[in-house]
file my_file_39.cif (mmCIF, C-alpha atoms)
data_structure
#
loop_
_atom_site.group_PDB
_atom_site.id
_atom_site.type_symbol
_atom_site.label_atom_id
_atom_site.label_comp_id
_atom_site.auth_asym_id
_atom_site.auth_seq_id
_atom_site.Cartn_x
_atom_site.Cartn_y
_atom_site.Cartn_z
ATOM 1 C CA MET A 1 109.893 52.863 151.588
ATOM 2 C CA ALA A 2 112.382 55.677 150.940
ATOM 3 C CA ALA A 3 111.984 57.768 147.789
ATOM 4 C CA ASN A 4 115.166 56.423 146.182
ATOM 5 C CA ASP A 5 114.715 52.776 147.179
ATOM 6 C CA MET A 6 115.264 50.355 144.301
ATOM 7 C CA LYS A 7 111.893 48.830 143.392
ATOM 8 C CA LEU A 8 112.332 45.091 142.800
ATOM 9 C CA VAL A 9 110.013 42.479 141.302
ATOM 10 C CA VAL A 10 110.284 38.830 142.362
ATOM 11 C CA VAL A 11 109.119 36.320 139.730
ATOM 12 C CA GLY A 12 108.400 32.754 140.789
ATOM 13 C CA ALA A 13 107.432 34.297 144.115
ATOM 14 C CA ALA A 14 105.938 31.136 145.627
ATOM 15 C CA GLY A 15 109.030 28.981 145.063
ATOM 16 C CA ARG A 16 111.699 28.413 147.696
ATOM 17 C CA MET A 17 114.023 30.968 146.117
ATOM 18 C CA GLY A 18 111.168 33.391 145.522
ATOM 19 C CA GLN A 19 110.258 33.313 149.190
ATOM 20 C CA ALA A 20 113.910 33.742 150.204
ATOM 21 C CA LEU A 21 114.179 36.778 147.890
ATOM 22 C CA ILE A 22 111.082 38.375 149.418
ATOM 23 C CA ARG A 23 112.523 37.910 152.920
ATOM 24 C CA ILE A 24 115.932 39.365 151.999
ATOM 25 C CA ILE A 25 114.395 42.374 150.205
ATOM 26 C CA HIS A 26 112.287 43.022 153.312
ATOM 27 C CA GLU A 27 115.438 42.913 155.505
ATOM 28 C CA THR A 28 117.663 45.037 153.233
ATOM 29 C CA ASP A 29 117.921 48.830 153.323
ATOM 30 C CA GLY A 30 117.751 50.634 149.976
ATOM 31 C CA VAL A 31 115.452 48.144 148.235
ATOM 32 C CA THR A 32 111.730 47.489 148.392
ATOM 33 C CA LEU A 33 109.434 44.757 147.085
ATOM 34 C CA HIS A 34 107.471 46.332 144.242
ATOM 35 C CA ALA A 35 105.645 43.252 142.920
ATOM 36 C CA ALA A 36 105.499 39.464 143.231
ATOM 37 C CA ILE A 37 104.652 37.350 140.180
ATOM 38 C CA GLU A 38 103.442 33.763 139.843
ATOM 39 C CA ARG A 39 102.244 31.766 136.854
ATOM 40 C CA GLU A 40 98.588 31.557 135.822
ATOM 41 C CA GLY A 41 96.707 28.981 137.871
ATOM 42 C CA SER A 42 99.002 29.137 140.900
ATOM 43 C CA ALA A 43 97.165 28.724 144.193
ATOM 44 C CA PHE A 44 99.190 31.637 145.589
ATOM 45 C CA VAL A 45 97.837 34.317 143.224
ATOM 46 C CA GLY A 46 95.897 36.911 145.204
ATOM 47 C CA LYS A 47 97.767 36.243 148.455
ATOM 48 C CA ASP A 48 100.013 38.752 150.228
ATOM 49 C CA ALA A 49 103.665 38.098 149.306
ATOM 50 C CA GLY A 50 104.756 38.703 152.883
ATOM 51 C CA ASP A 51 102.356 36.105 154.253
ATOM 52 C CA LEU A 52 103.711 33.702 151.632
ATOM 53 C CA ALA A 53 107.338 34.306 152.665
ATOM 54 C CA GLY A 54 106.729 34.428 156.403
ATOM 55 C CA THR A 55 107.509 38.112 156.970
ATOM 56 C CA GLY A 56 103.943 39.105 157.808
ATOM 57 C CA PRO A 57 101.795 41.222 155.434
ATOM 58 C CA LEU A 58 103.728 43.536 153.091
ATOM 59 C CA GLY A 59 100.809 44.948 151.135
ATOM 60 C CA VAL A 60 102.117 43.386 147.902
ATOM 61 C CA ILE A 61 99.624 40.960 146.343
ATOM 62 C CA VAL A 62 100.898 38.111 144.148
ATOM 63 C CA THR A 63 99.740 38.640 140.542
ATOM 64 C CA THR A 64 100.236 37.018 137.118
ATOM 65 C CA ASP A 65 101.045 40.210 135.147
ATOM 66 C CA PRO A 66 104.823 40.732 134.807
ATOM 67 C CA LEU A 67 104.534 43.379 132.069
ATOM 68 C CA LYS A 68 102.634 45.827 134.273
ATOM 69 C CA ALA A 69 104.964 45.133 137.210
ATOM 70 C CA PHE A 70 108.145 45.622 135.158
ATOM 71 C CA LEU A 71 107.075 48.955 133.647
ATOM 72 C CA ASP A 72 107.060 50.695 137.024
ATOM 73 C CA ALA A 73 109.999 48.798 138.580
ATOM 74 C CA ASP A 74 113.790 49.195 138.678
ATOM 75 C CA GLY A 75 114.711 45.533 138.537
ATOM 76 C CA VAL A 76 113.556 41.910 138.513
ATOM 77 C CA LEU A 77 114.988 38.936 140.395
ATOM 78 C CA ASP A 78 114.512 35.691 138.506
ATOM 79 C CA PHE A 79 115.215 32.127 139.694
ATOM 80 C CA THR A 80 112.591 30.371 137.554
ATOM 81 C CA ALA A 81 112.996 28.117 134.494
ATOM 82 C CA PRO A 82 114.868 28.734 131.221
ATOM 83 C CA ALA A 83 111.811 29.408 129.018
ATOM 84 C CA ALA A 84 110.241 31.681 131.631
ATOM 85 C CA SER A 85 113.515 33.583 132.098
ATOM 86 C CA VAL A 86 113.698 34.218 128.347
ATOM 87 C CA THR A 87 110.193 35.726 128.465
ATOM 88 C CA PHE A 88 111.130 37.888 131.456
ATOM 89 C CA ALA A 89 114.335 38.986 129.699
ATOM 90 C CA GLY A 90 112.296 40.310 126.775
ATOM 91 C CA LEU A 91 110.017 42.238 129.116
ATOM 92 C CA ALA A 92 112.973 43.607 131.102
ATOM 93 C CA ALA A 93 114.538 44.796 127.842
ATOM 94 C CA GLN A 94 111.313 46.599 126.902
ATOM 95 C CA ALA A 95 111.219 48.254 130.320
ATOM 96 C CA ARG A 96 115.000 48.936 130.206
ATOM 97 C CA ILE A 97 115.505 47.731 133.782
ATOM 98 C CA VAL A 98 117.839 45.386 135.673
ATOM 99 C CA HIS A 99 117.293 41.639 135.203
ATOM 100 C CA VAL A 100 119.153 39.377 137.644
ATOM 101 C CA ILE A 101 119.025 35.760 136.412
ATOM 102 C CA GLY A 102 119.857 32.909 138.785
ATOM 103 C CA THR A 103 118.007 30.342 136.660
ATOM 104 C CA THR A 104 119.991 27.182 135.896
ATOM 105 C CA GLY A 105 119.634 24.546 133.183
ATOM 106 C CA CYS A 106 119.855 27.134 130.382
ATOM 107 C CA GLY A 107 121.130 26.094 126.952
ATOM 108 C CA PRO A 108 122.833 28.103 124.176
ATOM 109 C CA GLU A 109 119.445 29.056 122.702
ATOM 110 C CA HIS A 110 118.465 30.697 126.000
ATOM 111 C CA GLU A 111 121.829 32.431 126.428
ATOM 112 C CA GLU A 112 121.439 34.030 122.973
ATOM 113 C CA LYS A 113 118.140 35.576 124.051
ATOM 114 C CA PHE A 114 119.646 36.881 127.302
ATOM 115 C CA GLU A 115 122.533 38.496 125.413
ATOM 116 C CA ALA A 116 120.068 40.067 122.964
ATOM 117 C CA ALA A 117 118.026 41.463 125.867
ATOM 118 C CA ALA A 118 121.217 42.927 127.345
ATOM 119 C CA ARG A 119 121.320 45.480 124.528
ATOM 120 C CA HIS A 120 118.578 47.315 126.442
ATOM 121 C CA ALA A 121 118.459 45.737 129.919
ATOM 122 C CA ARG A 122 121.167 45.437 132.545
ATOM 123 C CA VAL A 123 121.397 41.635 132.738
ATOM 124 C CA VAL A 124 123.372 39.958 135.529
ATOM 125 C CA LYS A 125 123.431 36.177 135.108
ATOM 126 C CA SER A 126 125.304 33.587 137.121
ATOM 127 C CA GLY A 127 125.082 29.856 137.780
ATOM 128 C CA ASN A 128 125.459 30.833 141.423
ATOM 129 C CA MET A 129 124.891 34.177 143.122
ATOM 130 C CA SER A 130 126.948 33.579 146.264
ATOM 131 C CA LEU A 131 130.145 35.486 146.997
ATOM 132 C CA GLY A 132 131.906 32.343 148.216
ATOM 133 C CA VAL A 133 131.128 30.304 145.109
ATOM 134 C CA ASN A 134 132.307 33.052 142.768
ATOM 135 C CA LEU A 135 135.542 33.306 144.741
ATOM 136 C CA LEU A 136 135.832 29.508 144.404
ATOM 137 C CA GLY A 137 135.500 29.948 140.650
ATOM 138 C CA VAL A 138 138.448 32.357 140.586
ATOM 139 C CA LEU A 139 140.541 29.995 142.731
ATOM 140 C CA THR A 140 139.596 27.082 140.442
ATOM 141 C CA ARG A 141 140.659 28.990 137.330
ATOM 142 C CA ASP A 142 143.997 29.929 138.912
ATOM 143 C CA ALA A 143 144.660 26.406 140.199
ATOM 144 C CA ALA A 144 143.842 24.853 136.812
ATOM 145 C CA LYS A 145 146.201 27.300 135.143
ATOM 146 C CA ALA A 146 148.998 26.685 137.645
ATOM 147 C CA LEU A 147 148.929 22.872 137.608
ATOM 148 C CA PRO A 148 149.893 21.160 134.312
ATOM 149 C CA ALA A 149 147.176 19.227 132.483
ATOM 150 C CA ILE A 150 149.584 16.349 132.006
ATOM 151 C CA GLY A 151 149.730 14.802 135.450
ATOM 152 C CA TRP A 152 146.827 16.675 137.063
ATOM 153 C CA ASP A 153 143.215 15.603 136.538
ATOM 154 C CA ILE A 154 140.215 17.778 137.411
ATOM 155 C CA GLU A 155 136.983 16.364 138.808
ATOM 156 C CA ILE A 156 133.963 18.403 139.957
ATOM 157 C CA VAL A 157 131.595 16.828 142.479
ATOM 158 C CA GLU A 158 128.265 18.391 143.425
ATOM 159 C CA MET A 159 125.368 17.398 145.683
ATOM 160 C CA HIS A 160 121.905 18.959 145.917
ATOM 161 C CA HIS A 161 118.508 18.200 147.407
ATOM 162 C CA LYS A 162 116.336 15.502 145.862
ATOM 163 C CA HIS A 163 113.976 18.005 144.206
ATOM 164 C CA LYS A 164 116.576 19.588 141.894
ATOM 165 C CA VAL A 165 115.686 18.868 138.261
ATOM 166 C CA ASP A 166 118.841 19.782 136.290
ATOM 167 C CA ALA A 167 122.299 18.197 136.335
ATOM 168 C CA PRO A 168 125.116 19.001 136.571
ATOM 169 C CA SER A 169 124.174 22.040 138.641
ATOM 170 C CA GLY A 170 124.659 25.526 137.265
ATOM 171 C CA THR A 171 127.352 26.014 139.877
ATOM 172 C CA ALA A 172 129.202 22.855 138.825
ATOM 173 C CA LEU A 173 129.163 24.119 135.237
ATOM 174 C CA LEU A 174 130.343 27.560 136.406
ATOM 175 C CA LEU A 175 133.294 25.836 138.117
ATOM 176 C CA GLY A 176 133.899 23.678 135.052
ATOM 177 C CA GLU A 177 134.029 26.768 132.847
ATOM 178 C CA ALA A 178 136.481 28.343 135.292
ATOM 179 C CA ALA A 179 138.719 25.272 135.175
ATOM 180 C CA ALA A 180 138.487 25.155 131.377
ATOM 181 C CA ALA A 181 139.416 28.845 131.171
ATOM 182 C CA GLY A 182 142.452 28.187 133.344
ATOM 183 C CA ARG A 183 143.494 25.347 131.045
ATOM 184 C CA GLY A 184 142.616 27.222 127.849
ATOM 185 C CA ILE A 185 140.273 24.460 126.647
ATOM 186 C CA ASP A 186 136.636 24.200 125.559
ATOM 187 C CA LEU A 187 134.479 22.696 128.317
ATOM 188 C CA ALA A 188 131.775 21.473 125.921
ATOM 189 C CA THR A 189 134.180 19.139 124.117
ATOM 190 C CA GLN A 190 136.464 18.313 127.049
ATOM 191 C CA SER A 191 133.967 17.426 129.800
ATOM 192 C CA VAL A 192 132.908 13.951 130.920
ATOM 193 C CA ARG A 193 129.389 13.942 132.390
ATOM 194 C CA VAL A 194 128.665 10.200 132.661
ATOM 195 C CA ARG A 195 130.734 7.120 133.450
ATOM 196 C CA ASP A 196 129.069 3.730 133.220
ATOM 197 C CA GLY A 197 130.213 0.248 132.272
ATOM 198 C CA HIS A 198 133.671 -0.406 130.850
ATOM 199 C CA THR A 199 134.924 3.147 130.344
ATOM 200 C CA GLY A 200 138.613 2.516 129.749
ATOM 201 C CA PRO A 201 141.239 4.729 131.395
ATOM 202 C CA ARG A 202 140.540 8.385 132.082
ATOM 203 C CA ALA A 203 141.254 10.626 129.092
ATOM 204 C CA ALA A 204 144.021 13.093 129.959
ATOM 205 C CA GLY A 205 143.067 16.751 130.003
ATOM 206 C CA THR A 206 139.324 16.219 130.439
ATOM 207 C CA ILE A 207 137.184 17.704 133.217
ATOM 208 C CA GLY A 208 134.928 15.183 134.949
ATOM 209 C CA PHE A 209 131.594 15.792 136.673
ATOM 210 C CA ALA A 210 129.864 13.711 139.330
ATOM 211 C CA THR A 211 126.296 14.493 140.414
ATOM 212 C CA LEU A 212 124.742 13.463 143.736
ATOM 213 C CA ARG A 213 121.118 14.049 144.765
ATOM 214 C CA GLY A 214 119.402 13.480 148.089
ATOM 215 C CA GLY A 215 117.747 14.843 151.190
ATOM 216 C CA SER A 216 117.591 18.593 151.717
ATOM 217 C CA VAL A 217 121.159 19.588 150.750
ATOM 218 C CA VAL A 218 121.144 23.242 149.620
ATOM 219 C CA GLY A 219 124.348 22.847 147.607
ATOM 220 C CA ASP A 220 127.803 21.318 148.118
ATOM 221 C CA HIS A 221 130.533 21.663 145.469
ATOM 222 C CA SER A 222 134.120 20.413 145.344
ATOM 223 C CA VAL A 223 136.794 20.820 142.699
ATOM 224 C CA ILE A 224 139.355 18.024 143.010
ATOM 225 C CA LEU A 225 142.731 18.365 141.332
ATOM 226 C CA ALA A 226 144.309 14.907 141.415
ATOM 227 C CA GLY A 227 148.027 14.467 140.794
ATOM 228 C CA GLU A 228 150.391 11.544 141.271
ATOM 229 C CA GLY A 229 150.423 10.969 145.017
ATOM 230 C CA GLU A 230 148.556 14.156 145.981
ATOM 231 C CA LEU A 231 145.127 15.784 145.904
ATOM 232 C CA VAL A 232 144.157 19.440 146.042
ATOM 233 C CA THR A 233 140.490 19.997 146.954
ATOM 234 C CA LEU A 234 138.690 23.345 146.749
ATOM 235 C CA SER A 235 135.173 23.280 148.154
ATOM 236 C CA HIS A 236 132.136 25.331 149.131
ATOM 237 C CA SER A 237 129.092 24.355 151.175
ATOM 238 C CA ALA A 238 125.875 26.372 151.040
ATOM 239 C CA ARG A 239 124.001 26.043 154.320
ATOM 240 C CA ASP A 240 121.123 28.409 153.621
ATOM 241 C CA ARG A 241 119.319 29.534 150.444
ATOM 242 C CA SER A 242 119.461 33.120 151.695
ATOM 243 C CA ILE A 243 123.089 33.442 150.493
ATOM 244 C CA PHE A 244 121.850 33.290 146.882
ATOM 245 C CA ALA A 245 119.072 35.798 147.602
ATOM 246 C CA ARG A 246 121.533 38.240 149.212
ATOM 247 C CA GLY A 247 123.840 37.906 146.228
ATOM 248 C CA ALA A 248 120.987 38.553 143.803
ATOM 249 C CA VAL A 249 119.900 41.705 145.637
ATOM 250 C CA THR A 250 123.534 42.885 145.751
ATOM 251 C CA ALA A 251 123.774 42.280 141.981
ATOM 252 C CA ALA A 252 120.592 44.254 141.303
ATOM 253 C CA VAL A 253 121.758 47.261 143.323
ATOM 254 C CA TRP A 254 125.178 47.155 141.605
ATOM 255 C CA ALA A 255 123.627 47.004 138.118
ATOM 256 C CA ARG A 256 121.178 49.861 138.702
ATOM 257 C CA ASP A 257 123.675 52.523 137.581
ATOM 258 C CA GLU A 258 125.523 50.453 134.973
ATOM 259 C CA LYS A 259 125.081 50.720 131.210
ATOM 260 C CA PRO A 260 122.906 48.081 129.496
ATOM 261 C CA GLY A 261 124.965 44.921 129.083
ATOM 262 C CA PHE A 262 125.482 41.274 129.976
ATOM 263 C CA TYR A 263 127.258 40.913 133.314
ATOM 264 C CA SER A 264 128.259 38.142 135.718
ATOM 265 C CA MET A 265 128.726 38.038 139.489
ATOM 266 C CA LEU A 266 132.456 38.440 138.877
ATOM 267 C CA ASP A 267 131.677 41.909 137.513
ATOM 268 C CA VAL A 268 129.530 42.672 140.551
ATOM 269 C CA LEU A 269 132.298 41.571 142.913
ATOM 270 C CA GLY A 270 135.135 43.219 140.964
ATOM 271 C CA LEU A 271 136.748 39.822 140.269
ATOM 272 C CA SER A 272 136.380 39.682 136.475
#

call {"tool": "encode", "arguments": {"input": "my_file_39.cif", "output": "structure tokens"}}
result
Amino acid sequence: MAANDMKLVVVGAAGRMGQALIRIIHETDGVTLHAAIEREGSAFVGKDAGDLAGTGPLGVIVTTDPLKAFLDADGVLDFTAPAASVTFAGLAAQARIVHVIGTTGCGPEHEEKFEAAARHARVVKSGNMSLGVNLLGVLTRDAAKALPAIGWDIEIVEMHHKHKVDAPSGTALLLGEAAAAGRGIDLATQSVRVRDGHTGPRAAGTIGFATLRGGSVVGDHSVILAGEGELVTLSHSARDRSIFARGAVTAAVWARDEKPGFYSMLDVLGLS
């Protein structure tokens, strides 16, 4: 570890994303794994984080005490659950460090807490941490703006592995928000999440979502713009969870020297 390495904490260390984060931190110059946190009762508490992630021993033991870990750290990487992320946001604000949030399934009540924490912490939150997906969001916004709502319908299709618990995915919602921004409409009132039974014709100007689940798919997303006699499809396929981990580490390093605030991956990538 170099003296100026950014000291990062991984919460939810035993999960698939937690393990991916540990591996990427280990591979990346300029950052070091400071602590690995799991919930009380986890079978992985007391184990070496490196053994858990397959890197070999790192000398960092998985613990259940985020407060102690945060106080001596520079940043936390968080792909957990909404309620847990809110707790971690409060602790990150107390410690005045970077909090990168890749947690999905968050509601308005969670977002309020994240924005409050951003008065003291440097919060970077995104429904997807990958460079490619955030570029897709920009392209989606521009396409939605360029093509008239009358005559062009927007549908967002996503597929994930069978273990994913929230729908639509955070990435699908990120793309929906981008399309809504391009159209100048409110996604919450103009989205269609479910179609079943006799639905009647498609309401003009709405943004539709379709959710698929199965197998081990990391994440596939398509934005379909359907006109009379033509389709424009913008898509992204995630082949490996490490792309999200790399994006999260990139976000943490970027935010280290920023002022406290609430940021997105578009800020990190200079695309906002």

call {"tool": "resolve_selection", "arguments": {"input": "my_file_39.cif", "expression": "the PyMOL selection byres ((chain A and resi 46) around 10)", "output": "PyMOL selection string"}}
result
chain A and resi 38+42-45+47-49+60-64

call {"tool": "resolve_selection", "arguments": {"input": "my_file_39.cif", "expression": "the PyMOL selection byres ((chain A and resi 182) around 10)", "output": "PyMOL selection string"}}
result
chain A and resi 138-147+176-181+183-185

call {"tool": "closest_residue", "arguments": {"input": "my_file_39.cif", "among": "A:Ala69, A:Leu225, A:Ala252, A:Met159", "to": "Ile101 (chain A)", "atoms": "only C-alpha atoms"}}
result
A:Ala252

call {"tool": "atom_distance", "arguments": {"input": "my_file_39.cif", "atom1": "CA of Ala53 (chain A)", "atom2": "CA of Met17 (chain A)"}}
result
9.9 Å

call {"tool": "closest_residue", "arguments": {"input": "my_file_39.cif", "among": "A:Ala20, A:Ala210, A:Leu135, A:Ala83", "to": "Thr55 (chain A)", "atoms": "all atoms listed in the file"}}
result
A:Ala20

call {"tool": "closest_residue", "arguments": {"input": "my_file_39.cif", "among": "A:Leu67, A:Glu155, A:Leu174, A:Ala89", "to": "Arg202 (chain A)", "atoms": "only C-alpha atoms"}}
result
A:Glu155

call {"tool": "resolve_selection", "arguments": {"input": "my_file_39.cif", "expression": "the PyMOL selection byres ((chain A and resi 34) around 6)", "output": "PyMOL selection string"}}
result
chain A and resi 7-9+33+35

call {"tool": "residues_around", "arguments": {"input": "my_file_39.cif", "residues": "Gly107 (chain A)", "least_positions_apart": "4", "cutoff": "9 Å", "atoms": "all atoms listed in the file", "output": "JSON, numbers by chain"}}
result
{"A": [82, 111, 112]}

call {"tool": "closest_residue", "arguments": {"input": "my_file_39.cif", "among": "A:Ile22, A:Ile150, A:Val86, A:Ala203", "to": "His99 (chain A)", "atoms": "only C-alpha atoms"}}
result
A:Val86

call {"tool": "closest_residue", "arguments": {"input": "my_file_39.cif", "among": "A:Leu212, A:Leu266, A:Val194, A:Ala3", "to": "Ser169 (chain A)", "atoms": "all atoms listed in the file"}}
result
A:Leu212

call {"tool": "atom_distance", "arguments": {"input": "my_file_39.cif", "atom1": "CA of Asn134 (chain A)", "atom2": "CA of Ala118 (chain A)"}}
result
21.4 Å

call {"tool": "closest_residue", "arguments": {"input": "my_file_39.cif", "among": "A:Leu58, A:Ala36, A:Ala13, A:Leu77", "to": "Val253 (chain A)", "atoms": "all atoms listed in the file"}}
result
A:Leu77

call {"tool": "closest_atom_pairs", "arguments": {"input": "my_file_39.cif", "of": "region 87-177 of chain A", "to": "region 229-243 of chain A", "cutoff": "9 Å", "atoms": "all atoms listed in the file", "output": "tab-separated table"}}
result
residue	atom	partner	partner_atom	distance
A:Met129	CA	A:Ile243	CA	7.6
A:Ser130	CA	A:Ile243	CA	5.7
A:Leu131	CA	A:Ile243	CA	8.1
A:Gly132	CA	A:His236	CA	7.1
A:Val133	CA	A:His236	CA	6.5
A:Leu136	CA	A:Leu234	CA	7.2
A:Leu139	CA	A:Leu234	CA	8.0
A:Thr140	CA	A:Leu234	CA	7.4

call {"tool": "axis_aligned_box", "arguments": {"input": "my_file_39.cif", "around": "region 96-101 of chain A", "padding_each_side": "6 Å", "output": "lines of an AutoDock Vina configuration file"}}
result
center_x = 117.1
center_y = 42.3
center_z = 133.9
size_x = 16.2
size_y = 25.2
size_z = 19.4

call {"tool": "residues_around", "arguments": {"input": "my_file_39.cif", "residues": "Asp257 (chain A)", "least_positions_apart": "5", "cutoff": "12 Å", "atoms": "all atoms listed in the file", "output": "ChimeraX atom specification"}}
result
/A:6,74-75,96-98,121-122,251-252,268

call {"tool": "atom_distance", "arguments": {"input": "my_file_39.cif", "atom1": "CA of Ile25 (chain A)", "atom2": "CA of Asp51 (chain A)"}}
result
14.2 Å

call {"tool": "residues_around", "arguments": {"input": "my_file_39.cif", "residues": "Gly90 (chain A)", "least_positions_apart": "2", "cutoff": "9 Å", "atoms": "all atoms listed in the file", "output": "list in words"}}
result
Ser85, Val86, Thr87, Phe88, Ala92, Ala93, Gln94, Ala95, Lys113, Phe114, Ala116, Ala117 and Ala121 of chain A

call {"tool": "write_last_selection", "arguments": {"input": "my_file_39.cif", "atoms": "C-alpha atoms", "output": "mmCIF file, keeping the file's coordinate frame"}}
result
data_model
loop_
_atom_site.group_PDB
_atom_site.id
_atom_site.type_symbol
_atom_site.label_atom_id
_atom_site.label_comp_id
_atom_site.auth_asym_id
_atom_site.auth_seq_id
_atom_site.Cartn_x
_atom_site.Cartn_y
_atom_site.Cartn_z
ATOM 1 C CA SER A 85 113.515 33.583 132.098
ATOM 2 C CA VAL A 86 113.698 34.218 128.347
ATOM 3 C CA THR A 87 110.193 35.726 128.465
ATOM 4 C CA PHE A 88 111.130 37.888 131.456
ATOM 5 C CA ALA A 92 112.973 43.607 131.102
ATOM 6 C CA ALA A 93 114.538 44.796 127.842
ATOM 7 C CA GLN A 94 111.313 46.599 126.902
ATOM 8 C CA ALA A 95 111.219 48.254 130.320
ATOM 9 C CA LYS A 113 118.140 35.576 124.051
ATOM 10 C CA PHE A 114 119.646 36.881 127.302
ATOM 11 C CA ALA A 116 120.068 40.067 122.964
ATOM 12 C CA ALA A 117 118.026 41.463 125.867
ATOM 13 C CA ALA A 121 118.459 45.737 129.919
#
